[in-house]
Amino acid sequence: MIDLTDSESELHGQVVSAHPFTPGQHYTVRGTKLVLGLPKGSVTQRALVYAIRLHPAAPSSTIDGKCHGYLCKAARDSSQLMANYGSVGHHDWGTRYNEISVRTGRSAMEVAAMSGNPTLIGAAIELVDQWYGSPAHWGIISAPAVIYGFDLVRDAAGTWWGTGLFAN
């Protein structure tokens, strides 16, 4: 899917949703509706929100909250930081938390994970499954959020690093 909605947007003309034709993973009516209802964002941001919304537990953070451009950028920066360090973690969280609080006027929480799945959608789904397996992480994702942001990056070795940020 290519974004042609706003000629002034940095996303105009960019691929914003890409889903492989993997056997057994074809779109359903539900999946198609999910893609069409995703918030504006990059292909990686939307892939992670898609995976969250696709999850059977239906966490409310991305439904009740609003996708926030700054939090998406901060999630990308956090994912890149993990890729640079080569480890999952809340690296430099104190500084990043303060920046988010100043920019949004809200208190923030973060989830982070990595995936070796070679495909974007496969990696996004794997990250969500990892978060689901952690009660602390899933509690953050499941709780209503006023604003949220997700993104993931892929390093040179093919590992995907993903972050979700939530602010209330």
# chains A, B, ... in the order shown; residues from 1 in each chain; ligands from 1
>>> residues_around(residues="region 74-82 of chain A", least_positions_apart="3", cutoff="7 Å", atoms="only C-alpha atoms", output="CSV table (one decimal) with all heavy atoms, in the first residue's frame")
chain,number,residue,atom,x,y,z
A,70,TYR,N,5.7,11.9,17.5
A,70,TYR,CA,7.0,12.0,18.3
A,70,TYR,C,7.3,10.7,18.9
A,70,TYR,O,8.4,10.2,19.0
A,70,TYR,CB,6.9,13.1,19.3
A,70,TYR,CG,8.1,13.1,20.2
A,70,TYR,CD1,9.4,13.6,19.7
A,70,TYR,CD2,8.1,12.6,21.5
A,70,TYR,CE1,10.5,13.5,20.5
A,70,TYR,CE2,9.3,12.5,22.2
A,70,TYR,CZ,10.4,13.0,21.7
A,70,TYR,OH,11.6,13.0,22.5
A,71,LEU,N,6.3,10.0,19.5
A,71,LEU,CA,6.5,8.7,20.1
A,71,LEU,C,7.0,7.6,19.1
A,71,LEU,O,7.8,6.8,19.4
A,71,LEU,CB,5.3,8.2,20.9
A,71,LEU,CG,5.0,8.9,22.2
A,71,LEU,CD1,3.8,8.3,22.9
A,71,LEU,CD2,6.2,9.0,23.1
A,85,TYR,N,23.7,-1.3,20.2
A,85,TYR,CA,24.2,-2.0,21.3
A,85,TYR,C,24.3,-3.5,21.1
A,85,TYR,O,25.0,-4.3,21.8
A,85,TYR,CB,23.4,-1.7,22.6
A,85,TYR,CG,23.8,-0.5,23.3
A,85,TYR,CD1,22.8,0.6,23.4
A,85,TYR,CD2,25.0,-0.3,23.9
A,85,TYR,CE1,23.1,1.8,24.0
A,85,TYR,CE2,25.3,0.9,24.5
A,85,TYR,CZ,24.3,1.9,24.6
A,85,TYR,OH,24.6,3.1,25.2
A,86,GLY,N,23.4,-4.0,20.2
A,86,GLY,CA,23.3,-5.5,20.0
A,86,GLY,C,22.6,-6.2,21.2
A,86,GLY,O,22.9,-7.4,21.4
A,87,SER,N,21.8,-5.5,21.9
A,87,SER,CA,21.1,-6.1,23.0
A,87,SER,C,19.7,-5.4,23.3
A,87,SER,O,19.6,-4.2,23.1
A,87,SER,CB,21.9,-6.1,24.3
A,87,SER,OG,22.1,-4.8,24.8
A,88,VAL,N,18.8,-6.2,23.7
A,88,VAL,CA,17.5,-5.7,24.1
A,88,VAL,C,17.6,-5.1,25.4
A,88,VAL,O,18.2,-5.6,26.3
A,88,VAL,CB,16.4,-6.8,24.1
A,88,VAL,CG1,15.1,-6.3,24.6
A,88,VAL,CG2,16.3,-7.5,22.8
A,89,GLY,N,17.0,-3.9,25.6
A,89,GLY,CA,17.0,-3.3,26.9
A,89,GLY,C,16.4,-1.9,26.8
A,89,GLY,O,16.1,-1.4,25.7
A,149,GLY,N,3.4,5.0,20.4
A,149,GLY,CA,4.2,5.0,19.2
A,149,GLY,C,5.0,3.7,19.1
A,149,GLY,O,5.4,3.2,20.1
A,150,PHE,N,5.1,3.1,18.0
A,150,PHE,CA,5.8,1.9,17.7
A,150,PHE,C,6.8,2.0,16.6
A,150,PHE,O,6.5,2.8,15.6
A,150,PHE,CB,4.9,0.7,17.4
A,150,PHE,CG,4.1,0.1,18.5
A,150,PHE,CD1,2.8,0.6,18.8
A,150,PHE,CD2,4.7,-0.8,19.3
A,150,PHE,CE1,2.1,0.0,19.8
A,150,PHE,CE2,3.9,-1.4,20.4
A,150,PHE,CZ,2.6,-0.9,20.6
A,151,ASP,N,7.9,1.3,16.6
A,151,ASP,CA,8.7,1.2,15.4
A,151,ASP,C,9.7,0.1,15.6
A,151,ASP,O,9.9,-0.4,16.7
A,151,ASP,CB,9.4,2.5,15.0
A,151,ASP,CG,9.6,2.6,13.5
A,151,ASP,OD1,9.5,1.6,12.8
A,151,ASP,OD2,9.9,3.8,13.1
A,152,LEU,N,10.2,-0.4,14.5
A,152,LEU,CA,11.3,-1.4,14.5
A,152,LEU,C,12.3,-1.1,13.4
A,152,LEU,O,12.0,-0.5,12.4
A,152,LEU,CB,10.7,-2.8,14.5
A,152,LEU,CG,10.0,-3.3,13.2
A,152,LEU,CD1,10.0,-4.9,13.3
A,152,LEU,CD2,8.6,-2.9,13.2
A,153,VAL,N,13.5,-1.5,13.7
A,153,VAL,CA,14.6,-1.4,12.7
A,153,VAL,C,15.3,-2.7,12.5
A,153,VAL,O,15.2,-3.6,13.4
A,153,VAL,CB,15.6,-0.3,13.1
A,153,VAL,CG1,15.0,1.0,13.3
A,153,VAL,CG2,16.3,-0.7,14.4
A,161,TRP,N,14.7,-5.1,15.7
A,161,TRP,CA,14.7,-4.6,17.0
A,161,TRP,C,13.5,-3.7,17.1
A,161,TRP,O,13.3,-2.8,16.3
A,161,TRP,CB,16.0,-3.8,17.3
A,161,TRP,CG,17.2,-4.6,17.1
A,161,TRP,CD1,17.9,-4.7,15.9
A,161,TRP,CD2,17.9,-5.3,18.1
A,161,TRP,NE1,19.0,-5.5,16.1
A,161,TRP,CE2,19.0,-5.9,17.5
A,161,TRP,CE3,17.7,-5.6,19.5
A,161,TRP,CZ2,19.9,-6.7,18.1
A,161,TRP,CZ3,18.6,-6.4,20.1
A,161,TRP,CH2,19.7,-6.9,19.4
A,162,GLY,N,12.6,-4.0,18.1
A,162,GLY,CA,11.3,-3.2,18.1
A,162,GLY,C,11.0,-2.6,19.5
A,162,GLY,O,11.4,-3.2,20.5
A,163,THR,N,10.4,-1.5,19.4
A,163,THR,CA,10.0,-0.7,20.6
A,163,THR,C,8.6,-0.2,20.5
A,163,THR,O,8.2,0.2,19.5
A,163,THR,CB,11.0,0.5,20.8
A,163,THR,OG1,12.3,0.1,20.8
A,163,THR,CG2,10.7,1.3,22.0
A,164,GLY,N,7.9,-0.2,21.7
A,164,GLY,CA,6.6,0.4,21.8
A,164,GLY,C,6.7,1.4,23.0
A,164,GLY,O,7.3,1.1,24.0
A,165,LEU,N,6.2,2.6,22.7
A,165,LEU,CA,6.1,3.6,23.8
A,165,LEU,C,4.7,4.1,24.0
A,165,LEU,O,3.9,4.2,23.1
A,165,LEU,CB,7.0,4.9,23.4
A,165,LEU,CG,8.5,4.6,23.3
A,165,LEU,CD1,9.2,5.8,22.6
A,165,LEU,CD2,9.0,4.5,24.7
>>> residues_around(residues="region 55-58 of chain A", least_positions_apart="6", cutoff="12 Å", atoms="only C-alpha atoms", output="list in words")
Arg30, Gly31, Leu34, Leu48, Val49, Asp64, Ala124, Ile125, Glu126, Leu127, Val128, Asp129, Gln130, Trp131, Tyr132, Gly133, Trp138, Gly139, Ile141, Ser142, Ala143 and Pro144 of chain A
>>> write_last_selection(atoms="N, CA and C atoms", output="mmCIF file, in the first residue's frame")
data_model
loop_
_atom_site.group_PDB
_atom_site.id
_atom_site.type_symbol
_atom_site.label_atom_id
_atom_site.label_comp_id
_atom_site.auth_asym_id
_atom_site.auth_seq_id
_atom_site.Cartn_x
_atom_site.Cartn_y
_atom_site.Cartn_z
ATOM 1 N N ARG A 30 -10.819 -9.781 7.993
ATOM 2 C CA ARG A 30 -10.393 -9.081 9.212
ATOM 3 C C ARG A 30 -9.029 -8.424 9.018
ATOM 4 N N GLY A 31 -8.076 -9.152 8.434
ATOM 5 C CA GLY A 31 -6.738 -8.597 8.210
ATOM 6 C C GLY A 31 -6.756 -7.397 7.284
ATOM 7 N N LEU A 34 -8.044 -4.488 9.164
ATOM 8 C CA LEU A 34 -7.012 -3.979 10.076
ATOM 9 C C LEU A 34 -6.037 -3.075 9.328
ATOM 10 N N LEU A 48 4.073 -3.018 12.984
ATOM 11 C CA LEU A 48 4.017 -3.365 14.401
ATOM 12 C C LEU A 48 2.628 -3.095 14.988
ATOM 13 N N VAL A 49 1.996 -2.009 14.595
ATOM 14 C CA VAL A 49 0.631 -1.739 15.052
ATOM 15 C C VAL A 49 -0.315 -2.817 14.492
ATOM 16 N N ASP A 64 -7.671 2.415 21.758
ATOM 17 C CA ASP A 64 -8.180 3.540 22.540
ATOM 18 C C ASP A 64 -7.292 4.775 22.441
ATOM 19 N N ALA A 124 7.324 -8.625 13.271
ATOM 20 C CA ALA A 124 6.389 -7.850 14.082
ATOM 21 C C ALA A 124 5.505 -8.778 14.919
ATOM 22 N N ILE A 125 5.011 -9.833 14.312
ATOM 23 C CA ILE A 125 4.172 -10.795 15.036
ATOM 24 C C ILE A 125 4.982 -11.490 16.125
ATOM 25 N N GLU A 126 6.229 -11.833 15.830
ATOM 26 C CA GLU A 126 7.084 -12.478 16.837
ATOM 27 C C GLU A 126 7.343 -11.547 18.025
ATOM 28 N N LEU A 127 7.576 -10.275 17.762
ATOM 29 C CA LEU A 127 7.775 -9.311 18.851
ATOM 30 C C LEU A 127 6.544 -9.246 19.740
ATOM 31 N N VAL A 128 5.376 -9.178 19.125
ATOM 32 C CA VAL A 128 4.132 -9.111 19.895
ATOM 33 C C VAL A 128 3.965 -10.388 20.721
ATOM 34 N N ASP A 129 4.277 -11.538 20.143
ATOM 35 C CA ASP A 129 4.188 -12.795 20.889
ATOM 36 C C ASP A 129 5.140 -12.801 22.085
ATOM 37 N N GLN A 130 6.323 -12.230 21.916
ATOM 38 C CA GLN A 130 7.259 -12.134 23.049
ATOM 39 C C GLN A 130 6.688 -11.243 24.149
ATOM 40 N N TRP A 131 6.127 -10.110 23.767
ATOM 41 C CA TRP A 131 5.528 -9.219 24.750
ATOM 42 C C TRP A 131 4.354 -9.893 25.449
ATOM 43 N N TYR A 132 3.587 -10.660 24.694
ATOM 44 C CA TYR A 132 2.458 -11.383 25.267
ATOM 45 C C TYR A 132 2.942 -12.389 26.328
ATOM 46 N N GLY A 133 4.113 -12.959 26.118
ATOM 47 C CA GLY A 133 4.684 -13.915 27.050
ATOM 48 C C GLY A 133 5.249 -13.292 28.315
ATOM 49 N N TRP A 138 3.043 -7.161 28.590
ATOM 50 C CA TRP A 138 1.679 -7.239 28.075
ATOM 51 C C TRP A 138 0.742 -6.335 28.867
ATOM 52 N N GLY A 139 1.006 -6.176 30.154
ATOM 53 C CA GLY A 139 0.207 -5.258 30.954
ATOM 54 C C GLY A 139 0.291 -3.838 30.436
ATOM 55 N N ILE A 141 1.061 -2.967 27.249
ATOM 56 C CA ILE A 141 0.433 -2.929 25.920
ATOM 57 C C ILE A 141 -1.087 -3.027 26.024
ATOM 58 N N SER A 142 -1.568 -3.787 27.001
ATOM 59 C CA SER A 142 -3.009 -4.003 27.147
ATOM 60 C C SER A 142 -3.734 -2.825 27.772
ATOM 61 N N ALA A 143 -3.030 -2.034 28.548
ATOM 62 C CA ALA A 143 -3.665 -0.914 29.231
ATOM 63 C C ALA A 143 -4.006 0.203 28.241
ATOM 64 N N PRO A 144 -5.092 0.906 28.499
ATOM 65 C CA PRO A 144 -5.394 2.056 27.646
ATOM 66 C C PRO A 144 -4.245 3.060 27.692
#
>>> residues_around(residues="Gly105 (chain A)", least_positions_apart="4", cutoff="10 Å", atoms="only C-alpha atoms", output="list in words")
Asn98, Glu99, Ile100, Ser101, Ala167 and Asn168 of chain A
>>> select_by_dssp(residues="chain A", states="helix (DSSP H, G or I)", output="ChimeraX atom specification")
/A:29-36,43-54,61-64,69-85,93-104,120-132,135-142
>>> atom_distance(atom1="CA of Asp155 (chain A)", atom2="CA of Ala83 (chain A)")
6.1 Å
>>> closest_residue(among="A:Tyr148, A:Glu8, A:Ala112, A:Thr159", to="Lys73 (chain A)", atoms="only C-alpha atoms")
A:Tyr148
>>> decode(residues="region 42-64 of chain A", atoms="N, CA, C and O atoms", output="CSV table (one decimal), in the first residue's frame")
chain,number,residue,atom,x,y,z
A,42,SER,N,5.1,5.0,9.0
A,42,SER,CA,6.0,4.3,8.0
A,42,SER,C,5.6,2.8,7.9
A,42,SER,O,4.8,2.3,8.8
A,43,VAL,N,6.1,2.1,7.0
A,43,VAL,CA,5.8,0.7,6.8
A,43,VAL,C,6.2,-0.1,8.1
A,43,VAL,O,5.5,-1.0,8.5
A,44,THR,N,7.3,0.2,8.7
A,44,THR,CA,7.7,-0.5,9.9
A,44,THR,C,6.8,-0.2,11.1
A,44,THR,O,6.4,-1.0,11.9
A,45,GLN,N,6.4,1.1,11.3
A,45,GLN,CA,5.5,1.5,12.3
A,45,GLN,C,4.1,0.8,12.2
A,45,GLN,O,3.6,0.2,13.1
A,46,ARG,N,3.6,0.8,11.0
A,46,ARG,CA,2.3,0.2,10.7
A,46,ARG,C,2.4,-1.3,10.8
A,46,ARG,O,1.4,-1.9,11.3
A,47,ALA,N,3.5,-1.9,10.5
A,47,ALA,CA,3.6,-3.4,10.6
A,47,ALA,C,3.5,-3.8,12.1
A,47,ALA,O,2.8,-4.8,12.4
A,48,LEU,N,4.1,-3.0,13.0
A,48,LEU,CA,4.0,-3.4,14.4
A,48,LEU,C,2.6,-3.1,15.0
A,48,LEU,O,2.1,-3.9,15.8
A,49,VAL,N,2.0,-2.0,14.6
A,49,VAL,CA,0.6,-1.7,15.1
A,49,VAL,C,-0.3,-2.8,14.5
A,49,VAL,O,-1.2,-3.3,15.2
A,50,TYR,N,-0.1,-3.2,13.2
A,50,TYR,CA,-0.9,-4.3,12.7
A,50,TYR,C,-0.8,-5.6,13.5
A,50,TYR,O,-1.8,-6.2,13.8
A,51,ALA,N,0.4,-5.9,13.8
A,51,ALA,CA,0.7,-7.2,14.6
A,51,ALA,C,0.0,-7.1,16.0
A,51,ALA,O,-0.6,-8.1,16.5
A,52,ILE,N,0.0,-5.9,16.6
A,52,ILE,CA,-0.6,-5.7,17.9
A,52,ILE,C,-2.1,-5.9,17.7
A,52,ILE,O,-2.8,-6.6,18.5
A,53,ARG,N,-2.7,-5.3,16.7
A,53,ARG,CA,-4.2,-5.3,16.5
A,53,ARG,C,-4.6,-6.7,16.1
A,53,ARG,O,-5.8,-7.1,16.3
A,54,LEU,N,-3.7,-7.4,15.4
A,54,LEU,CA,-4.1,-8.8,14.9
A,54,LEU,C,-4.1,-9.8,16.1
A,54,LEU,O,-4.8,-10.8,16.0
A,55,HIS,N,-3.4,-9.5,17.2
A,55,HIS,CA,-3.3,-10.5,18.3
A,55,HIS,C,-4.7,-10.8,18.8
A,55,HIS,O,-5.5,-9.9,19.0
A,56,PRO,N,-4.9,-12.1,19.1
A,56,PRO,CA,-6.2,-12.5,19.6
A,56,PRO,C,-6.6,-11.9,20.9
A,56,PRO,O,-7.8,-11.7,21.2
A,57,ALA,N,-5.7,-11.5,21.8
A,57,ALA,CA,-6.0,-10.8,23.0
A,57,ALA,C,-6.5,-9.4,22.9
A,57,ALA,O,-7.0,-8.8,23.8
A,58,ALA,N,-6.4,-8.8,21.7
A,58,ALA,CA,-6.9,-7.5,21.4
A,58,ALA,C,-6.6,-6.4,22.4
A,58,ALA,O,-7.4,-5.9,23.0
A,59,PRO,N,-5.3,-6.2,22.6
A,59,PRO,CA,-4.9,-5.1,23.6
A,59,PRO,C,-5.5,-3.8,23.2
A,59,PRO,O,-5.6,-3.5,22.0
A,60,SER,N,-5.8,-3.0,24.2
A,60,SER,CA,-6.5,-1.7,23.9
A,60,SER,C,-5.6,-0.5,23.6
A,60,SER,O,-6.1,0.5,23.1
A,61,SER,N,-4.3,-0.6,23.9
A,61,SER,CA,-3.5,0.6,23.7
A,61,SER,C,-3.6,1.2,22.3
A,61,SER,O,-3.6,2.5,22.2
A,62,THR,N,-3.6,0.4,21.3
A,62,THR,CA,-3.6,1.0,19.9
A,62,THR,C,-5.0,1.3,19.4
A,62,THR,O,-5.1,1.9,18.3
A,63,ILE,N,-6.0,0.8,20.2
A,63,ILE,CA,-7.4,1.1,19.7
A,63,ILE,C,-7.9,2.4,20.4
A,63,ILE,O,-8.4,3.3,19.8
A,64,ASP,N,-7.7,2.4,21.8
A,64,ASP,CA,-8.2,3.5,22.5
A,64,ASP,C,-7.3,4.8,22.4
A,64,ASP,O,-7.8,5.9,22.6
